[in-house]
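Beneath this line is the structure, given in structure tokens, with notes to follow.
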Amino acid sequence: MYYIIGDIHGNLKALLGLFRKVMKDFDAMHDTMIFLGDYIDRGDFSFETIEFLIKVSKKINAVFIKGNHEDMFQNYINSGGFGETFLNNGGKKTVESYKRNVGSVTLPESPRDFFDNLVLLYESDDFIAVHAGLDPLYDIDKQKKERLLWIRDDFYASPKRWPKAVVFGHTSVSIVSGGKTGIYFDDRRNIIGVDNGAAYGRPLACLRLPDRKVYYSSKTGVQNVRR
């Protein structure tokens, strides 16, 4: 089984609540957990979220896909790139989180390795998991990094039907579906949206494949508690 978790955005309480539910069914010997990126920004606990995911990676078979927010954060730390764009898209919360925990906006060795080893997509026999989506103009082996991280309606509004299901985050299901929430299934085009908008107070979602069981955190708001 595959368990695919949508955008977390520093909402550690929602992640922990969802994780407890999922692990009741998860078989550590045979199952794989896939995270679709955007682990940081907007929520209060970006540092703690990354630390938790690092611990998860040591206990189960997990795949961590890069989101556009991780890419912006890395550029910001390494070269100052994305600057205002990063800070104005939730990055200020990440900066505060790292300053609170490590004293500065720097990555210790373990989280640096985590960020450096994020993948752009994961392909199984039946589906492709990716942060933002795929460019319908290109084959899977010719996709460009920027589009995998940032594409929106060029992907999810395209009439193209994909040969494998494309499971994606990045754009909230409420936008993709015209106002609905939850997991978004479009069997006609073979796409599945998993970003339920946890960054905006909605429950964090997880999709299990191939049986399509859905899990949600019970958290309905962005937490503001402190350690």
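Residues are named by chain letter and number: chains run A, B, ... in the order of the structure tokens, numbers start at 1 in each chain, and ligands are numbered from 1 in the order shown.
When DSSP is run on the backbone, the residues of segment 20-198 of chain A that fall into strand (DSSP E or B) are Thr32, Met33, Ile34, Phe35, Ala62, Val63, Phe64, Ile65, Val119, Leu121, Tyr122, Glu123, Phe127, Ile128, Ala129, Val130, Ala165, Val166, Val167, Phe168, Tyr184, Phe185, Asp186, Ile191, Ile192 and Gly193 of chain A.
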Please provide the set of residues having any atom within 6 Å of Ser46 of chain A, restricted to only C-alpha atoms, with same-chain residues fewer than 5 positions apart removed, written as a PDB file with C-alpha atoms, in the first residue's frame.
ATOM      1  CA  GLY A  10       4.434  23.704   9.283  1.00  0.00           C
ATOM      2  CA  ILE A  40       7.339  24.395   5.724  1.00  0.00           C
ATOM      3  CA  THR A  94       9.853  29.489   8.815  1.00  0.00           C
TER       4      THR A  94
END
Fill in: Non-local contacts of Ala28 of chain A (12 Å; only C-alpha atoms; under 6 positions in same chain excluded) as a list in words
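Here the answer would be Met1, Tyr2, Tyr3, Val22, Val56, Ser57, Lys58, Lys59, Ile60, Asn61 and Ala62 of chain A.
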Next, dump the selected residues to file, keeping only N, CA and C atoms, as a PDB file, in the first residue's frame.
ATOM      1  N   MET A   1       0.834  -1.194   0.000  1.00  0.00           N
ATOM      2  CA  MET A   1       0.000   0.000   0.000  1.00  0.00           C
ATOM      3  C   MET A   1       0.878   1.258   0.000  1.00  0.00           C
ATOM      4  N   TYR A   2       0.365   2.301  -0.591  1.00  0.00           N
ATOM      5  CA  TYR A   2       1.007   3.605  -0.567  1.00  0.00           C
ATOM      6  C   TYR A   2       0.110   4.578   0.201  1.00  0.00           C
ATOM      7  N   TYR A   3       0.720   5.359   1.077  1.00  0.00           N
ATOM      8  CA  TYR A   3       0.017   6.386   1.833  1.00  0.00           C
ATOM      9  C   TYR A   3       0.595   7.728   1.417  1.00  0.00           C
ATOM     10  N   VAL A  22      -3.014   7.126  10.549  1.00  0.00           N
ATOM     11  CA  VAL A  22      -2.465   6.341   9.442  1.00  0.00           C
ATOM     12  C   VAL A  22      -1.676   5.144   9.953  1.00  0.00           C
ATOM     13  N   VAL A  56      10.778  10.102  11.119  1.00  0.00           N
ATOM     14  CA  VAL A  56       9.925   9.171  10.369  1.00  0.00           C
ATOM     15  C   VAL A  56      10.756   8.409   9.341  1.00  0.00           C
ATOM     16  N   SER A  57      11.659   9.108   8.680  1.00  0.00           N
ATOM     17  CA  SER A  57      12.459   8.498   7.608  1.00  0.00           C
ATOM     18  C   SER A  57      13.342   7.366   8.113  1.00  0.00           C
ATOM     19  N   LYS A  58      13.624   7.349   9.412  1.00  0.00           N
ATOM     20  CA  LYS A  58      14.486   6.324   9.996  1.00  0.00           C
ATOM     21  C   LYS A  58      13.706   5.093  10.448  1.00  0.00           C
ATOM     22  N   LYS A  59      12.368   5.195  10.423  1.00  0.00           N
ATOM     23  CA  LYS A  59      11.546   4.116  10.964  1.00  0.00           C
ATOM     24  C   LYS A  59      10.707   3.392   9.913  1.00  0.00           C
ATOM     25  N   ILE A  60      10.360   4.084   8.834  1.00  0.00           N
ATOM     26  CA  ILE A  60       9.511   3.478   7.813  1.00  0.00           C
ATOM     27  C   ILE A  60      10.070   3.794   6.428  1.00  0.00           C
ATOM     28  N   ASN A  61       9.531   3.123   5.431  1.00  0.00           N
ATOM     29  CA  ASN A  61       9.892   3.423   4.044  1.00  0.00           C
ATOM     30  C   ASN A  61       9.136   4.672   3.620  1.00  0.00           C
ATOM     31  N   ALA A  62       9.843   5.764   3.470  1.00  0.00           N
ATOM     32  CA  ALA A  62       9.200   7.042   3.170  1.00  0.00           C
ATOM     33  C   ALA A  62       9.871   7.712   1.979  1.00  0.00           C
TER      34      ALA A  62
END
Worksheet item: What lies within 8 Å of segment 155-162 of chain A using only C-alpha atoms, ignoring chain neighbours under 6 positions off, as an MDAnalysis selection string?
Response: chainID A and resid 133:136 176 188:191
Dump of N, CA and C atoms for the selected residues, as a tab-separated table (two decimals), in the first residue's frame:
chain	number	residue	atom	x	y	z
A	133	GLY	N	2.28	19.04	-10.20
A	133	GLY	CA	1.62	18.45	-11.36
A	133	GLY	C	2.62	18.23	-12.48
A	134	LEU	N	2.11	17.86	-13.63
A	134	LEU	CA	2.95	17.60	-14.80
A	134	LEU	C	2.54	18.52	-15.94
A	135	ASP	N	3.52	18.89	-16.73
A	135	ASP	CA	3.24	19.72	-17.91
A	135	ASP	C	2.69	18.82	-19.01
A	136	PRO	N	1.45	19.05	-19.44
A	136	PRO	CA	0.85	18.18	-20.45
A	136	PRO	C	1.53	18.24	-21.82
A	176	VAL	N	-9.09	23.67	-7.18
A	176	VAL	CA	-9.17	22.72	-8.29
A	176	VAL	C	-10.60	22.29	-8.56
A	188	ARG	N	-11.77	10.98	-15.18
A	188	ARG	CA	-11.77	11.24	-16.62
A	188	ARG	C	-10.37	11.62	-17.09
A	189	ARG	N	-9.69	12.46	-16.32
A	189	ARG	CA	-8.34	12.88	-16.69
A	189	ARG	C	-7.27	12.11	-15.92
A	190	ASN	N	-7.69	11.31	-14.94
A	190	ASN	CA	-6.79	10.47	-14.15
A	190	ASN	C	-5.84	11.31	-13.30
A	191	ILE	N	-6.41	12.30	-12.58
A	191	ILE	CA	-5.63	13.12	-11.66
A	191	ILE	C	-6.31	13.10	-10.28
Practice prompt. Could you give me, as an NGL selection string, each residue of segment 28-196 of chain A that DSSP assigns to alpha helix (DSSP H) when run on this structure's backbone?
Written response: :A and (46-57 or 68-79 or 83-86 or 92-102 or 109-116 or 145-150 or 153-156 or 173-176)
Dump as a PDB file, in the first residue's frame, selection limited to C-alpha atoms:
ATOM      1  CA  SER A  46       8.433  24.422  10.232  1.00  0.00           C
ATOM      2  CA  PHE A  47      11.582  23.409  12.132  1.00  0.00           C
ATOM      3  CA  GLU A  48       9.717  20.874  14.263  1.00  0.00           C
ATOM      4  CA  THR A  49       7.919  19.452  11.230  1.00  0.00           C
ATOM      5  CA  ILE A  50      11.194  18.770   9.440  1.00  0.00           C
ATOM      6  CA  GLU A  51      12.680  17.207  12.577  1.00  0.00           C
ATOM      7  CA  PHE A  52       9.664  14.908  12.875  1.00  0.00           C
ATOM      8  CA  LEU A  53       9.894  13.875   9.226  1.00  0.00           C
ATOM      9  CA  ILE A  54      13.581  13.075   9.660  1.00  0.00           C
ATOM     10  CA  LYS A  55      12.642  10.743  12.523  1.00  0.00           C
ATOM     11  CA  VAL A  56       9.925   9.171  10.369  1.00  0.00           C
ATOM     12  CA  SER A  57      12.459   8.498   7.608  1.00  0.00           C
ATOM     13  CA  ASN A  68       8.149  24.928  -4.251  1.00  0.00           C
ATOM     14  CA  HIS A  69       8.404  26.181  -0.655  1.00  0.00           C
ATOM     15  CA  GLU A  70      11.377  23.929   0.068  1.00  0.00           C
ATOM     16  CA  ASP A  71      13.007  25.113  -3.132  1.00  0.00           C
ATOM     17  CA  MET A  72      12.476  28.762  -2.170  1.00  0.00           C
ATOM     18  CA  PHE A  73      13.829  28.132   1.328  1.00  0.00           C
ATOM     19  CA  GLN A  74      16.983  26.468   0.029  1.00  0.00           C
ATOM     20  CA  ASN A  75      17.605  29.312  -2.392  1.00  0.00           C
ATOM     21  CA  TYR A  76      16.978  31.848   0.355  1.00  0.00           C
ATOM     22  CA  ILE A  77      19.485  30.184   2.696  1.00  0.00           C
ATOM     23  CA  ASN A  78      22.136  29.430   0.086  1.00  0.00           C
ATOM     24  CA  SER A  79      22.119  32.609  -1.971  1.00  0.00           C
ATOM     25  CA  GLY A  83      13.995  36.899  -1.018  1.00  0.00           C
ATOM     26  CA  GLU A  84      10.703  38.778  -0.737  1.00  0.00           C
ATOM     27  CA  THR A  85       8.781  36.053  -2.585  1.00  0.00           C
ATOM     28  CA  PHE A  86       9.803  33.477  -0.004  1.00  0.00           C
ATOM     29  CA  LYS A  92       8.567  34.596   7.696  1.00  0.00           C
ATOM     30  CA  LYS A  93       7.043  31.839   9.822  1.00  0.00           C
ATOM     31  CA  THR A  94       9.853  29.489   8.815  1.00  0.00           C
ATOM     32  CA  VAL A  95      12.490  32.094   9.630  1.00  0.00           C
ATOM     33  CA  GLU A  96      10.901  32.601  13.061  1.00  0.00           C
ATOM     34  CA  SER A  97      10.769  28.849  13.657  1.00  0.00           C
ATOM     35  CA  TYR A  98      14.450  28.323  12.855  1.00  0.00           C
ATOM     36  CA  LYS A  99      15.577  31.331  14.878  1.00  0.00           C
ATOM     37  CA  ARG A 100      13.544  30.062  17.827  1.00  0.00           C
ATOM     38  CA  ASN A 101      15.100  26.596  17.662  1.00  0.00           C
ATOM     39  CA  VAL A 102      18.654  27.021  16.353  1.00  0.00           C
ATOM     40  CA  GLU A 109      23.649  18.896   9.010  1.00  0.00           C
ATOM     41  CA  SER A 110      20.694  16.539   9.423  1.00  0.00           C
ATOM     42  CA  PRO A 111      17.984  18.856   8.035  1.00  0.00           C
ATOM     43  CA  ARG A 112      20.370  20.046   5.329  1.00  0.00           C
ATOM     44  CA  ASP A 113      20.712  16.440   4.166  1.00  0.00           C
ATOM     45  CA  PHE A 114      16.942  16.106   4.281  1.00  0.00           C
ATOM     46  CA  PHE A 115      16.422  19.105   1.996  1.00  0.00           C
ATOM     47  CA  ASP A 116      19.241  18.080  -0.334  1.00  0.00           C
ATOM     48  CA  LYS A 145      11.868  21.106 -12.507  1.00  0.00           C
ATOM     49  CA  GLU A 146      10.168  24.504 -12.375  1.00  0.00           C
ATOM     50  CA  ARG A 147       6.925  23.060 -13.735  1.00  0.00           C
ATOM     51  CA  LEU A 148       6.967  20.096 -11.347  1.00  0.00           C
ATOM     52  CA  LEU A 149       7.247  22.567  -8.468  1.00  0.00           C
ATOM     53  CA  TRP A 150       5.007  25.417  -9.649  1.00  0.00           C
ATOM     54  CA  ASP A 153      -4.076  25.265 -14.064  1.00  0.00           C
ATOM     55  CA  ASP A 154      -1.985  24.369 -17.100  1.00  0.00           C
ATOM     56  CA  PHE A 155      -1.962  20.938 -15.480  1.00  0.00           C
ATOM     57  CA  TYR A 156      -5.177  20.470 -13.535  1.00  0.00           C
ATOM     58  CA  VAL A 173      -8.554  21.124  -3.690  1.00  0.00           C
ATOM     59  CA  SER A 174     -11.056  23.943  -3.089  1.00  0.00           C
ATOM     60  CA  ILE A 175      -9.511  25.771  -6.059  1.00  0.00           C
ATOM     61  CA  VAL A 176      -9.165  22.723  -8.291  1.00  0.00           C
TER      62      VAL A 176
END
Practice prompt. Excluding segment 11-18 of chain A and any residue of its chain fewer than 6 positions from it, enumerate the residues within 12 Å of it, using only C-alpha atoms, and give them as a VMD selection string.
Written response: chain A and resid 3 to 5 24 to 25 35 38 to 53 56 93 to 94 97 196 to 207 214 to 227
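The two atoms in question, atom CA of Asp27 of chain A and atom CA of Leu209 of chain A, are spaced 13.3 Å apart.
A straight line drawn from atom CA of Gly6 of chain A to atom CA of Gly80 of chain A is 27.3 Å long.
The interatomic distance for the pair atom CA of Ile34 of chain A and atom CA of Ser104 of chain A works out to 29.6 Å.
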